[in-house]
file run-v2.cif (mmCIF, C-alpha atoms)
data_start
#
loop_
_atom_site.label_atom_id
_atom_site.label_comp_id
_atom_site.auth_asym_id
_atom_site.auth_seq_id
_atom_site.Cartn_x
_atom_site.Cartn_y
_atom_site.Cartn_z
CA MET A 199 0.00 0.00 0.00
CA GLN A 200 1.18 3.50 -0.86
CA LYS A 201 0.18 6.55 1.17
CA PHE A 202 0.50 10.21 0.25
CA LYS A 203 -0.14 13.40 2.19
CA VAL A 204 -1.51 16.11 -0.11
CA ASP A 205 0.56 19.31 -0.12
CA ILE A 206 -1.54 21.53 -2.38
CA ASP A 207 -5.13 22.86 -2.35
CA LYS A 208 -8.07 22.36 -4.68
CA VAL A 209 -6.70 19.98 -7.32
CA ARG A 210 -8.46 17.00 -8.89
CA VAL A 211 -7.31 13.79 -7.27
CA ASP A 212 -6.74 12.04 -10.62
CA LYS A 213 -4.57 14.93 -11.85
CA TYR A 214 -2.63 15.10 -8.58
CA LEU A 215 -1.82 11.38 -8.56
CA SER A 216 -0.88 11.31 -12.25
CA GLU A 217 1.81 13.89 -11.48
CA ILE A 218 3.36 12.13 -8.48
CA THR A 219 3.00 8.46 -9.43
CA GLU A 220 3.86 6.33 -12.46
CA TYR A 221 0.18 5.74 -13.27
CA SER A 222 -1.56 7.47 -16.16
CA ARG A 223 -4.61 9.61 -15.44
CA SER A 224 -6.93 7.11 -17.13
CA ILE A 225 -5.66 4.21 -15.00
CA ILE A 226 -5.94 6.32 -11.86
CA GLY A 227 -9.57 6.98 -12.82
CA LYS A 228 -10.21 3.24 -13.05
CA MET A 229 -8.55 2.66 -9.69
CA LEU A 230 -10.62 5.40 -8.04
CA ASN A 231 -13.85 4.04 -9.47
CA SER A 232 -13.03 0.51 -8.32
CA GLY A 233 -12.11 1.58 -4.79
CA ASP A 234 -8.41 0.82 -5.16
CA ILE A 235 -7.63 4.42 -4.17
CA LEU A 236 -9.13 6.10 -1.09
CA VAL A 237 -9.08 9.72 0.03
CA ASN A 238 -9.25 10.06 3.80
CA GLY A 239 -10.48 6.46 3.87
CA THR A 240 -13.36 7.11 1.46
CA ILE A 241 -14.03 6.17 -2.18
CA VAL A 242 -14.21 9.31 -4.32
CA LYS A 243 -14.69 10.18 -7.98
CA PRO A 244 -11.73 11.16 -10.21
CA SER A 245 -13.05 14.76 -10.23
CA PHE A 246 -12.91 15.02 -6.42
CA LEU A 247 -10.85 18.01 -5.27
CA VAL A 248 -8.20 17.21 -2.68
CA ASN A 249 -6.72 19.78 -0.32
CA ARG A 250 -3.56 20.22 1.71
CA GLY A 251 -3.44 17.67 4.53
CA ASP A 252 -5.72 15.10 2.87
CA THR A 253 -4.46 11.50 2.93
CA ILE A 254 -4.53 9.43 -0.25
CA GLU A 255 -4.04 5.67 -0.04
CA ILE A 256 -3.44 3.30 -2.93
CA VAL A 257 -4.77 0.18 -1.23
CA SER A 258 -4.49 -2.13 -4.23
CA GLU A 259 -2.01 -1.81 -7.11
CA TYR A 260 -3.39 -1.75 -10.63
CA GLU A 261 -2.21 -4.83 -12.46
CA SER A 262 -2.77 -5.78 -16.07
CA LYS A 263 -0.69 -8.51 -17.64
CA SER A 264 -1.73 -7.34 -21.10
CA ASP A 265 -0.23 -3.88 -20.55
CA VAL A 266 3.39 -5.03 -20.55
CA VAL A 267 4.68 -7.52 -23.09
CA PRO A 268 8.05 -9.27 -23.02
CA THR A 269 10.45 -7.50 -25.37
CA LYS A 270 13.80 -8.76 -26.58
CA MET A 271 16.51 -6.51 -25.21
CA ASP A 272 20.28 -6.68 -24.84
CA LEU A 273 20.64 -6.90 -21.08
CA ASN A 274 24.06 -6.31 -19.56
CA ILE A 275 23.86 -8.87 -16.75
CA VAL A 276 26.76 -8.45 -14.35
CA TYR A 277 25.68 -11.25 -11.97
CA GLU A 278 22.85 -13.76 -11.71
CA ASP A 279 21.79 -16.65 -9.49
CA GLU A 280 18.46 -18.20 -8.49
CA ASP A 281 17.40 -15.24 -6.37
CA ILE A 282 18.93 -12.03 -7.70
CA MET A 283 20.43 -10.30 -10.70
CA VAL A 284 22.72 -7.29 -10.99
CA ILE A 285 22.08 -5.31 -14.17
CA ASN A 286 24.22 -2.60 -15.75
CA LYS A 287 21.51 -0.29 -17.10
CA PRO A 288 22.36 1.92 -20.08
CA THR A 289 21.31 5.54 -20.22
CA GLY A 290 18.02 6.24 -21.97
CA VAL A 291 16.23 3.15 -20.64
CA ILE A 292 13.19 3.55 -18.37
CA VAL A 293 13.15 0.99 -15.56
CA HIS A 294 9.46 0.07 -15.54
CA PRO A 295 6.24 1.00 -17.38
CA GLY A 296 4.18 3.99 -16.31
CA SER A 297 2.51 7.17 -17.51
CA GLY A 298 1.36 5.49 -20.70
CA ASN A 299 4.78 4.05 -21.60
CA TYR A 300 4.52 0.27 -21.66
CA GLU A 301 7.22 -0.58 -24.19
CA ASN A 302 11.01 -0.86 -24.26
CA THR A 303 11.48 -0.56 -20.51
CA LEU A 304 13.90 -2.65 -18.49
CA ALA A 305 10.90 -4.54 -17.11
CA ASN A 306 9.90 -5.55 -20.66
CA GLY A 307 13.41 -6.86 -21.27
CA LEU A 308 13.51 -8.76 -17.98
CA MET A 309 10.18 -10.42 -18.76
CA TYR A 310 11.54 -11.61 -22.11
CA TYR A 311 14.73 -12.91 -20.52
CA THR A 312 13.13 -14.95 -17.73
CA GLN A 313 9.80 -15.80 -16.14
CA ASN A 314 11.49 -16.15 -12.76
CA LEU A 315 11.02 -12.66 -11.36
CA SER A 316 9.48 -11.45 -8.12
CA ASN A 317 5.97 -10.02 -8.34
CA LEU A 318 5.78 -8.13 -5.04
CA ASN A 319 5.55 -4.81 -6.91
CA GLY A 320 2.86 -6.05 -9.28
CA GLU A 321 2.85 -7.40 -12.82
CA ASN A 322 4.09 -4.11 -14.29
CA ARG A 323 7.25 -4.07 -12.17
CA PRO A 324 8.61 -7.64 -12.28
CA GLY A 325 11.76 -7.97 -10.18
CA ILE A 326 12.10 -4.23 -9.67
CA VAL A 327 13.40 -3.49 -6.16
CA HIS A 328 14.68 0.05 -6.79
CA ARG A 329 15.03 2.42 -9.72
CA LEU A 330 17.49 4.54 -11.61
CA ASP A 331 16.29 7.55 -13.57
CA LYS A 332 15.86 7.05 -17.31
CA ASP A 333 19.08 8.87 -18.20
CA THR A 334 21.15 7.59 -15.29
CA SER A 335 23.31 4.61 -16.17
CA GLY A 336 24.85 1.89 -14.04
CA LEU A 337 24.26 -0.89 -11.56
CA MET A 338 20.82 -2.01 -10.42
CA LEU A 339 19.60 -4.89 -8.28
CA VAL A 340 16.80 -7.14 -9.56
CA ALA A 341 14.97 -9.73 -7.43
CA LYS A 342 14.05 -13.08 -8.95
CA SER A 343 12.38 -14.56 -5.88
CA ASN A 344 9.81 -12.88 -3.64
CA LYS A 345 11.80 -13.79 -0.54
CA ALA A 346 14.91 -12.06 -1.93
CA HIS A 347 12.80 -9.06 -2.94
CA GLU A 348 11.29 -8.68 0.52
CA ILE A 349 14.69 -8.82 2.24
CA LEU A 350 16.32 -6.42 -0.23
CA ALA A 351 13.45 -3.96 0.11
CA ASP A 352 14.00 -3.93 3.87
CA ASP A 353 17.75 -3.48 3.34
CA PHE A 354 17.11 -0.43 1.16
CA LYS A 355 14.82 1.04 3.82
CA VAL A 356 17.53 0.84 6.48
CA HIS A 357 20.23 2.01 4.01
CA ALA A 358 22.11 -1.30 4.20
CA VAL A 359 22.63 -1.30 0.42
CA LYS A 360 25.57 0.98 -0.37
CA ARG A 361 25.82 2.66 -3.77
CA GLU A 362 28.48 4.97 -5.13
CA TYR A 363 27.83 7.21 -8.08
CA ILE A 364 30.16 9.20 -10.29
CA ALA A 365 28.99 12.42 -11.88
CA LEU A 366 30.30 15.26 -13.97
CA LEU A 367 29.11 18.59 -12.60
CA SER A 368 28.72 21.94 -14.31
CA GLY A 369 31.16 24.42 -12.83
CA VAL A 370 34.36 24.10 -10.80
CA LEU A 371 33.58 23.09 -7.22
CA PRO A 372 36.04 24.75 -4.80
CA HIS A 373 35.63 22.21 -1.97
CA ASN A 374 37.28 18.77 -2.02
CA GLU A 375 34.54 17.17 0.07
CA ALA A 376 31.02 18.09 1.07
CA LYS A 377 28.03 16.78 2.97
CA ILE A 378 24.72 18.02 1.58
CA ASP A 379 22.00 17.70 4.22
CA ALA A 380 18.87 19.24 2.71
CA PRO A 381 15.29 17.86 2.75
CA ILE A 382 13.66 17.03 -0.57
CA GLY A 383 10.00 17.22 -1.55
CA ARG A 384 7.75 17.88 -4.54
CA ASP A 385 8.18 21.16 -6.36
CA GLU A 386 4.80 22.87 -5.96
CA SER A 387 5.24 24.76 -9.23
CA ASN A 388 6.01 21.57 -11.19
CA ARG A 389 4.74 18.35 -9.63
CA LYS A 390 7.00 16.16 -11.78
CA LYS A 391 10.11 17.77 -10.29
CA MET A 392 11.65 17.55 -6.84
CA THR A 393 13.26 20.39 -4.91
CA VAL A 394 14.93 21.23 -1.62
CA THR A 395 12.09 22.42 0.59
CA ALA A 396 10.99 22.39 4.21
CA THR A 397 7.39 21.73 3.17
CA ASN A 398 6.17 18.13 3.03
CA SER A 399 9.71 16.90 2.50
CA LYS A 400 11.90 14.04 3.69
CA ASN A 401 15.44 14.27 5.00
CA ALA A 402 18.08 13.70 2.35
CA ILE A 403 21.84 13.40 2.79
CA THR A 404 24.46 13.14 0.05
CA TYR A 405 28.23 12.87 0.48
CA LEU A 406 30.49 14.29 -2.23
CA LYS A 407 34.19 13.92 -2.97
CA VAL A 408 36.03 15.60 -5.83
CA VAL A 409 37.91 13.31 -8.21
CA LYS A 410 39.16 15.84 -10.75
CA ARG A 411 38.61 19.43 -11.80
CA TYR A 412 38.45 20.61 -15.40
CA LYS A 413 38.21 24.10 -16.86
CA ASN A 414 34.42 24.30 -16.52
CA ASN A 415 33.48 21.00 -14.87
CA THR A 416 34.13 18.87 -11.79
CA LEU A 417 34.18 15.06 -11.67
CA VAL A 418 32.90 13.76 -8.31
CA HIS A 419 32.12 10.58 -6.38
CA LEU A 420 28.77 10.60 -4.58
CA ASN A 421 27.42 8.40 -1.80
CA LEU A 422 23.83 8.43 -0.61
CA GLU A 423 22.82 8.09 3.02
CA THR A 424 19.19 8.33 1.92
CA GLY A 425 17.51 7.44 -1.36
CA ARG A 426 15.06 10.15 -2.35
CA THR A 427 13.69 10.64 -5.86
CA HIS A 428 16.22 12.56 -8.00
CA GLN A 429 18.29 13.09 -4.84
CA ILE A 430 21.71 13.60 -6.43
CA ARG A 431 20.37 15.77 -9.23
CA VAL A 432 18.37 17.95 -6.83
CA HIS A 433 21.21 18.30 -4.33
CA MET A 434 23.74 19.22 -7.01
CA LYS A 435 21.40 21.89 -8.34
CA TYR A 436 20.87 23.11 -4.78
CA ILE A 437 24.58 23.70 -4.18
CA GLY A 438 24.91 25.48 -7.52
CA TYR A 439 26.78 22.77 -9.46
CA PRO A 440 24.11 20.72 -11.28
CA VAL A 441 24.88 17.42 -12.95
CA PHE A 442 26.26 18.21 -16.39
CA ASN A 443 23.77 17.90 -19.25
CA ASP A 444 20.82 17.27 -16.89
CA PRO A 445 17.70 18.03 -18.99
CA VAL A 446 15.57 18.81 -15.91
CA TYR A 447 17.83 20.32 -13.27
CA GLY A 448 20.82 21.50 -15.33
CA HIS A 449 21.87 24.82 -16.82
CA GLN A 450 22.15 23.74 -20.44
CA ILE A 451 21.97 20.67 -22.67
CA ILE A 452 25.10 19.90 -24.67
CA LYS A 453 24.47 16.32 -25.75
CA GLU A 454 21.41 14.11 -26.27
CA VAL A 455 22.51 11.36 -23.87
CA GLY A 456 21.04 12.84 -20.70
CA GLN A 457 22.75 13.67 -17.43
CA PHE A 458 26.32 12.53 -16.79
CA LEU A 459 25.48 10.41 -13.76
CA HIS A 460 26.51 6.78 -13.35
CA SER A 461 25.81 4.20 -10.62
CA LYS A 462 29.37 2.92 -10.40
CA THR A 463 29.47 0.50 -7.43
CA ILE A 464 26.99 -1.41 -5.31
CA ASP A 465 27.63 -3.27 -2.05
CA PHE A 466 25.09 -5.42 -0.24
CA VAL A 467 24.61 -8.63 1.69
CA HIS A 468 23.08 -11.37 -0.46
CA PRO A 469 19.50 -11.75 0.80
CA ILE A 470 19.64 -15.56 0.81
CA THR A 471 23.26 -16.71 1.12
CA LYS A 472 24.24 -13.73 3.35
CA GLU A 473 27.46 -13.39 1.37
CA GLN A 474 28.92 -9.90 1.11
CA MET A 475 28.56 -8.77 -2.52
CA HIS A 476 30.47 -6.03 -4.36
CA PHE A 477 30.15 -4.98 -7.99
CA GLU A 478 31.66 -2.21 -10.11
CA SER A 479 30.91 -0.98 -13.60
CA GLU A 480 32.88 1.19 -15.98
CA LEU A 481 31.63 4.52 -17.17
CA PRO A 482 29.59 4.42 -20.41
CA ASP A 483 31.54 5.12 -23.58
CA PHE A 484 29.94 8.54 -24.12
CA PHE A 485 30.96 9.54 -20.58
CA LYS A 486 34.57 8.39 -21.00
CA THR A 487 34.81 10.00 -24.44
CA TYR A 488 33.66 13.35 -23.15
CA LEU A 489 36.10 13.23 -20.22
CA ASN A 490 38.88 12.60 -22.72
CA GLU A 491 37.74 15.65 -24.68
CA LEU A 492 38.00 17.73 -21.51
CA GLU A 493 41.61 16.72 -20.89
#
call {"tool": "encode", "arguments": {"input": "run-v2.cif", "output": "structure tokens"}}
result
Amino acid sequence: MQKFKVDIDKVRVDKYLSEITEYSRSIIGKMLNSGDILVNGTIVKPSFLVNRGDTIEIVSEYESKSDVVPTKMDLNIVYEDEDIMVINKPTGVIVHPGSGNYENTLANGLMYYTQNLSNLNGENRPGIVHRLDKDTSGLMLVAKSNKAHEILADDFKVHAVKREYIALLSGVLPHNEAKIDAPIGRDESNRKKMTVTATNSKNAITYLKVVKRYKNNTLVHLNLETGRTHQIRVHMKYIGYPVFNDPVYGHQIIKEVGQFLHSKTIDFVHPITKEQMHFESELPDFFKTYLNELE
């Protein structure tokens, strides 16, 4: 079950949820009409106006096996056993279907590759334990068994899964290290974006370490203590050095590949064998090529 506290006044509930979830407005309408979504514990129509402080609960996930079809995809599988997979996701790939996009997502590719995937997140998110943004590349965990999924989900909640990112920032950062401790919530002027705000936000902490400085850019390592939506991208914008080429939070777009942000390493305890696991992935070719151009 998902629960949301409304942070804006007088907006249609179907419109509000379409902006903060992966569901399309039409699917949200179906869920409201069938009682799968409640406002303050009550079934309401899609046109119902919610106000600040209202509680919205998605009590039953919308599932439709016909919405997502297995699609052949070149998966970069770093590791696999009976319970988990580690995938190196390329930039430009959406992790799971939503907002009307039901094709060419990582979930479609996983469904084509194997039928042995957890279903705890519903039929539209097979094996998906956590996400990377569409234009963020790098390592991701996938659960094949429900038991592994449940344990990994708990590990993510208590920050037991450690991930290190590498990013190219716009501008030359003067500090060698930094701790960004700034709460993140929805941007009230654009519900699809996140921002640093004290209103209806959650604590967010990012650790930064400079790797190399260039004439107009800074290469950094980033570690997350928390895992908020768009956390790195929002925090880098907040300190005045946005992720280079970020189409949403950046200063300007130079290339079509999306933000220069890569999930480089992941460390976790195997949910079943309890073995300590560590994986690393190289930067994508476009990232390495551009760094060479900056030299």
call {"tool": "atom_distance", "arguments": {"input": "run-v2.cif", "atom1": "atom CA of Lys360 of chain A", "atom2": "atom CA of Asp465 of chain A"}}
result
5.0 Å
call {"tool": "resolve_selection", "arguments": {"input": "run-v2.cif", "expression": "the PyMOL selection byres ((chain A and resi 454) around 10)", "output": "mmCIF file with C-alpha atoms, keeping the file's coordinate frame"}}
result
data_model
loop_
_atom_site.group_PDB
_atom_site.id
_atom_site.type_symbol
_atom_site.label_atom_id
_atom_site.label_comp_id
_atom_site.auth_asym_id
_atom_site.auth_seq_id
_atom_site.Cartn_x
_atom_site.Cartn_y
_atom_site.Cartn_z
ATOM 1 C CA GLY A 290 18.020 6.240 -21.970
ATOM 2 C CA ASP A 333 19.080 8.870 -18.200
ATOM 3 C CA ASN A 443 23.770 17.900 -19.250
ATOM 4 C CA ASP A 444 20.820 17.270 -16.890
ATOM 5 C CA PRO A 445 17.700 18.030 -18.990
ATOM 6 C CA ILE A 451 21.970 20.670 -22.670
ATOM 7 C CA ILE A 452 25.100 19.900 -24.670
ATOM 8 C CA LYS A 453 24.470 16.320 -25.750
ATOM 9 C CA VAL A 455 22.510 11.360 -23.870
ATOM 10 C CA GLY A 456 21.040 12.840 -20.700
ATOM 11 C CA GLN A 457 22.750 13.670 -17.430
#
call {"tool": "closest_residue", "arguments": {"input": "run-v2.cif", "among": "A:Lys287, A:Leu330, A:Phe458, A:Pro268", "to": "Gln313 of chain A", "atoms": "only C-alpha atoms"}}
result
A:Pro268
call {"tool": "resolve_selection", "arguments": {"input": "run-v2.cif", "expression": "the PyMOL selection byres ((chain A and resi 241) around 12)", "output": "short mmCIF file (atom, residue, chain, number, x, y, z; two decimals) with C-alpha atoms, keeping the file's coordinate frame"}}
result
data_model
loop_
_atom_site.label_atom_id
_atom_site.label_comp_id
_atom_site.auth_asym_id
_atom_site.auth_seq_id
_atom_site.Cartn_x
_atom_site.Cartn_y
_atom_site.Cartn_z
CA VAL A 211 -7.31 13.79 -7.27
CA GLY A 227 -9.57 6.98 -12.82
CA LYS A 228 -10.21 3.24 -13.05
CA MET A 229 -8.55 2.66 -9.69
CA LEU A 230 -10.62 5.40 -8.04
CA ASN A 231 -13.85 4.04 -9.47
CA SER A 232 -13.03 0.51 -8.32
CA GLY A 233 -12.11 1.58 -4.79
CA ASP A 234 -8.41 0.82 -5.16
CA ILE A 235 -7.63 4.42 -4.17
CA LEU A 236 -9.13 6.10 -1.09
CA VAL A 237 -9.08 9.72 0.03
CA ASN A 238 -9.25 10.06 3.80
CA GLY A 239 -10.48 6.46 3.87
CA THR A 240 -13.36 7.11 1.46
CA VAL A 242 -14.21 9.31 -4.32
CA LYS A 243 -14.69 10.18 -7.98
CA PRO A 244 -11.73 11.16 -10.21
CA SER A 245 -13.05 14.76 -10.23
CA PHE A 246 -12.91 15.02 -6.42
CA ILE A 254 -4.53 9.43 -0.25
CA GLU A 255 -4.04 5.67 -0.04
CA ILE A 256 -3.44 3.30 -2.93
CA VAL A 257 -4.77 0.18 -1.23
#
call {"tool": "closest_residue", "arguments": {"input": "run-v2.cif", "among": "A:Val293, A:Ser387, A:Asn415, A:Gly369", "to": "Gly438 of chain A", "atoms": "only C-alpha atoms"}}
result
A:Gly369
call {"tool": "atom_distance", "arguments": {"input": "run-v2.cif", "atom1": "atom CA of Val291 of chain A", "atom2": "atom CA of Gly307 of chain A"}}
result
10.4 Å
call {"tool": "atom_distance", "arguments": {"input": "run-v2.cif", "atom1": "atom CA of Glu280 of chain A", "atom2": "atom CA of Tyr310 of chain A"}}
result
16.6 Å
call {"tool": "residues_around", "arguments": {"input": "run-v2.cif", "residues": "Ser316 of chain A", "least_positions_apart": "5", "cutoff": "9 Å", "atoms": "all atoms listed in the file", "output": "NGL selection string"}}
result
:A and (281 or 323-326 or 340-347)
call {"tool": "write_last_selection", "arguments": {"input": "run-v2.cif", "atoms": "C-alpha atoms", "output": "tab-separated table (two decimals), keeping the file's coordinate frame"}}
result
chain	number	residue	atom	x	y	z
A	281	ASP	CA	17.40	-15.24	-6.37
A	323	ARG	CA	7.25	-4.07	-12.17
A	324	PRO	CA	8.61	-7.64	-12.28
A	325	GLY	CA	11.76	-7.97	-10.18
A	326	ILE	CA	12.10	-4.23	-9.67
A	340	VAL	CA	16.80	-7.14	-9.56
A	341	ALA	CA	14.97	-9.73	-7.43
A	342	LYS	CA	14.05	-13.08	-8.95
A	343	SER	CA	12.38	-14.56	-5.88
A	344	ASN	CA	9.81	-12.88	-3.64
A	345	LYS	CA	11.80	-13.79	-0.54
A	346	ALA	CA	14.91	-12.06	-1.93
A	347	HIS	CA	12.80	-9.06	-2.94
call {"tool": "residues_near_point", "arguments": {"input": "run-v2.cif", "point": "(32.9, 16.5, -6.8)", "cutoff": "8 Å", "atoms": "all atoms listed in the file", "output": "list in words"}}
result
Ala365, Leu366, Leu367, Leu371, His373, Asn374, Glu375, Leu406, Lys407, Val408, Val409, Lys410, Thr416, Leu417, Val418, His419 and Leu420 of chain A
call {"tool": "write_last_selection", "arguments": {"input": "run-v2.cif", "atoms": "C-alpha atoms", "output": "PDB file, in the frame of the given file"}}
result
ATOM      1  CA  ALA A 365      28.990  12.420 -11.880  1.00  0.00           C
ATOM      2  CA  LEU A 366      30.300  15.260 -13.970  1.00  0.00           C
ATOM      3  CA  LEU A 367      29.110  18.590 -12.600  1.00  0.00           C
ATOM      4  CA  LEU A 371      33.580  23.090  -7.220  1.00  0.00           C
ATOM      5  CA  HIS A 373      35.630  22.210  -1.970  1.00  0.00           C
ATOM      6  CA  ASN A 374      37.280  18.770  -2.020  1.00  0.00           C
ATOM      7  CA  GLU A 375      34.540  17.170   0.070  1.00  0.00           C
ATOM      8  CA  LEU A 406      30.490  14.290  -2.230  1.00  0.00           C
ATOM      9  CA  LYS A 407      34.190  13.920  -2.970  1.00  0.00           C
ATOM     10  CA  VAL A 408      36.030  15.600  -5.830  1.00  0.00           C
ATOM     11  CA  VAL A 409      37.910  13.310  -8.210  1.00  0.00           C
ATOM     12  CA  LYS A 410      39.160  15.840 -10.750  1.00  0.00           C
ATOM     13  CA  THR A 416      34.130  18.870 -11.790  1.00  0.00           C
ATOM     14  CA  LEU A 417      34.180  15.060 -11.670  1.00  0.00           C
ATOM     15  CA  VAL A 418      32.900  13.760  -8.310  1.00  0.00           C
ATOM     16  CA  HIS A 419      32.120  10.580  -6.380  1.00  0.00           C
ATOM     17  CA  LEU A 420      28.770  10.600  -4.580  1.00  0.00           C
TER      18      LEU A 420
END
call {"tool": "closest_residue", "arguments": {"input": "run-v2.cif", "among": "A:Thr487, A:Thr219, A:Thr303, A:Gln200", "to": "Lys391 of chain A", "atoms": "all atoms listed in the file"}}
result
A:Thr219
call {"tool": "axis_aligned_box", "arguments": {"input": "run-v2.cif", "around": "segment 328-344 of chain A", "padding_each_side": "8 Å", "output": "lines of an AutoDock Vina configuration file"}}
result
center_x = 17.3
center_y = -2.8
center_z = -10.9
size_x = 31.0
size_y = 39.4
size_z = 30.6
call {"tool": "residues_near_point", "arguments": {"input": "run-v2.cif", "point": "(6.1, -5.0, -16.8)", "cutoff": "6 Å", "atoms": "only C-alpha atoms", "output": "VMD selection string"}}
result
chain A and resid 266 305 to 306 321 to 324
call {"tool": "resolve_selection", "arguments": {"input": "run-v2.cif", "expression": "the PyMOL selection byres ((chain A and resi 335) around 6)", "output": "MDAnalysis selection string"}}
result
chainID A and resid 287:289 334 336 460
call {"tool": "residues_around", "arguments": {"input": "run-v2.cif", "residues": "Arg250 of chain A", "least_positions_apart": "5", "cutoff": "8 Å", "atoms": "only C-alpha atoms", "output": "ChimeraX atom specification"}}
result
/A:203-207
call {"tool": "residues_around", "arguments": {"input": "run-v2.cif", "residues": "Thr397 of chain A", "least_positions_apart": "6", "cutoff": "10 Å", "atoms": "only C-alpha atoms", "output": "PDB file with C-alpha atoms, in the coordinates of the input"}}
result
ATOM      1  CA  ASP A 205       0.560  19.310  -0.120  1.00  0.00           C
ATOM      2  CA  PRO A 381      15.290  17.860   2.750  1.00  0.00           C
ATOM      3  CA  ILE A 382      13.660  17.030  -0.570  1.00  0.00           C
ATOM      4  CA  GLY A 383      10.000  17.220  -1.550  1.00  0.00           C
ATOM      5  CA  ARG A 384       7.750  17.880  -4.540  1.00  0.00           C
ATOM      6  CA  ASP A 385       8.180  21.160  -6.360  1.00  0.00           C
ATOM      7  CA  GLU A 386       4.800  22.870  -5.960  1.00  0.00           C
TER       8      GLU A 386
END
call {"tool": "closest_residue", "arguments": {"input": "run-v2.cif", "among": "A:Lys472, A:Lys208, A:Lys435, A:Lys413", "to": "Leu489 of chain A", "atoms": "only C-alpha atoms"}}
result
A:Lys413
call {"tool": "closest_residue", "arguments": {"input": "run-v2.cif", "among": "A:Val394, A:Asp279, A:Asn401, A:Tyr221", "to": "His468 of chain A", "atoms": "all atoms listed in the file"}}
result
A:Asp279
call {"tool": "residues_around", "arguments": {"input": "run-v2.cif", "residues": "segment 354-356 of chain A", "least_positions_apart": "3", "cutoff": "12 Å", "atoms": "all atoms listed in the file", "output": "MDAnalysis selection string"}}
result
chainID A and resid 327:329 339 347:351 359:361 422:426 464:467 469
call {"tool": "decode", "arguments": {"input": "run-v2.cif", "residues": "segment 423-464 of chain A", "atoms": "C-alpha atoms", "output": "PDB file, in the first residue's frame"}}
result
ATOM      1  CA  GLU A 423      22.823   8.092   3.018  1.00  0.00           C
ATOM      2  CA  THR A 424      19.189   8.335   1.918  1.00  0.00           C
ATOM      3  CA  GLY A 425      17.506   7.441  -1.365  1.00  0.00           C
ATOM      4  CA  ARG A 426      15.060  10.151  -2.349  1.00  0.00           C
ATOM      5  CA  THR A 427      13.686  10.642  -5.864  1.00  0.00           C
ATOM      6  CA  HIS A 428      16.221  12.559  -7.998  1.00  0.00           C
ATOM      7  CA  GLN A 429      18.290  13.089  -4.844  1.00  0.00           C
ATOM      8  CA  ILE A 430      21.714  13.598  -6.431  1.00  0.00           C
ATOM      9  CA  ARG A 431      20.371  15.773  -9.225  1.00  0.00           C
ATOM     10  CA  VAL A 432      18.368  17.951  -6.831  1.00  0.00           C
ATOM     11  CA  HIS A 433      21.215  18.303  -4.327  1.00  0.00           C
ATOM     12  CA  MET A 434      23.743  19.219  -7.012  1.00  0.00           C
ATOM     13  CA  LYS A 435      21.397  21.887  -8.344  1.00  0.00           C
ATOM     14  CA  TYR A 436      20.872  23.111  -4.778  1.00  0.00           C
ATOM     15  CA  ILE A 437      24.583  23.703  -4.180  1.00  0.00           C
ATOM     16  CA  GLY A 438      24.908  25.480  -7.520  1.00  0.00           C
ATOM     17  CA  TYR A 439      26.781  22.769  -9.457  1.00  0.00           C
ATOM     18  CA  PRO A 440      24.109  20.720 -11.279  1.00  0.00           C
ATOM     19  CA  VAL A 441      24.883  17.423 -12.952  1.00  0.00           C
ATOM     20  CA  PHE A 442      26.262  18.210 -16.386  1.00  0.00           C
ATOM     21  CA  ASN A 443      23.769  17.904 -19.253  1.00  0.00           C
ATOM     22  CA  ASP A 444      20.824  17.274 -16.888  1.00  0.00           C
ATOM     23  CA  PRO A 445      17.700  18.026 -18.988  1.00  0.00           C
ATOM     24  CA  VAL A 446      15.569  18.812 -15.913  1.00  0.00           C
ATOM     25  CA  TYR A 447      17.828  20.323 -13.266  1.00  0.00           C
ATOM     26  CA  GLY A 448      20.816  21.497 -15.330  1.00  0.00           C
ATOM     27  CA  HIS A 449      21.872  24.816 -16.818  1.00  0.00           C
ATOM     28  CA  GLN A 450      22.146  23.742 -20.438  1.00  0.00           C
ATOM     29  CA  ILE A 451      21.968  20.675 -22.667  1.00  0.00           C
ATOM     30  CA  ILE A 452      25.104  19.897 -24.673  1.00  0.00           C
ATOM     31  CA  LYS A 453      24.467  16.321 -25.746  1.00  0.00           C
ATOM     32  CA  GLU A 454      21.407  14.106 -26.270  1.00  0.00           C
ATOM     33  CA  VAL A 455      22.514  11.356 -23.872  1.00  0.00           C
ATOM     34  CA  GLY A 456      21.039  12.837 -20.703  1.00  0.00           C
ATOM     35  CA  GLN A 457      22.749  13.665 -17.427  1.00  0.00           C
ATOM     36  CA  PHE A 458      26.324  12.533 -16.792  1.00  0.00           C
ATOM     37  CA  LEU A 459      25.478  10.408 -13.760  1.00  0.00           C
ATOM     38  CA  HIS A 460      26.510   6.778 -13.353  1.00  0.00           C
ATOM     39  CA  SER A 461      25.814   4.199 -10.621  1.00  0.00           C
ATOM     40  CA  LYS A 462      29.374   2.915 -10.396  1.00  0.00           C
ATOM     41  CA  THR A 463      29.467   0.500  -7.435  1.00  0.00           C
ATOM     42  CA  ILE A 464      26.990  -1.406  -5.308  1.00  0.00           C
TER      43      ILE A 464
END
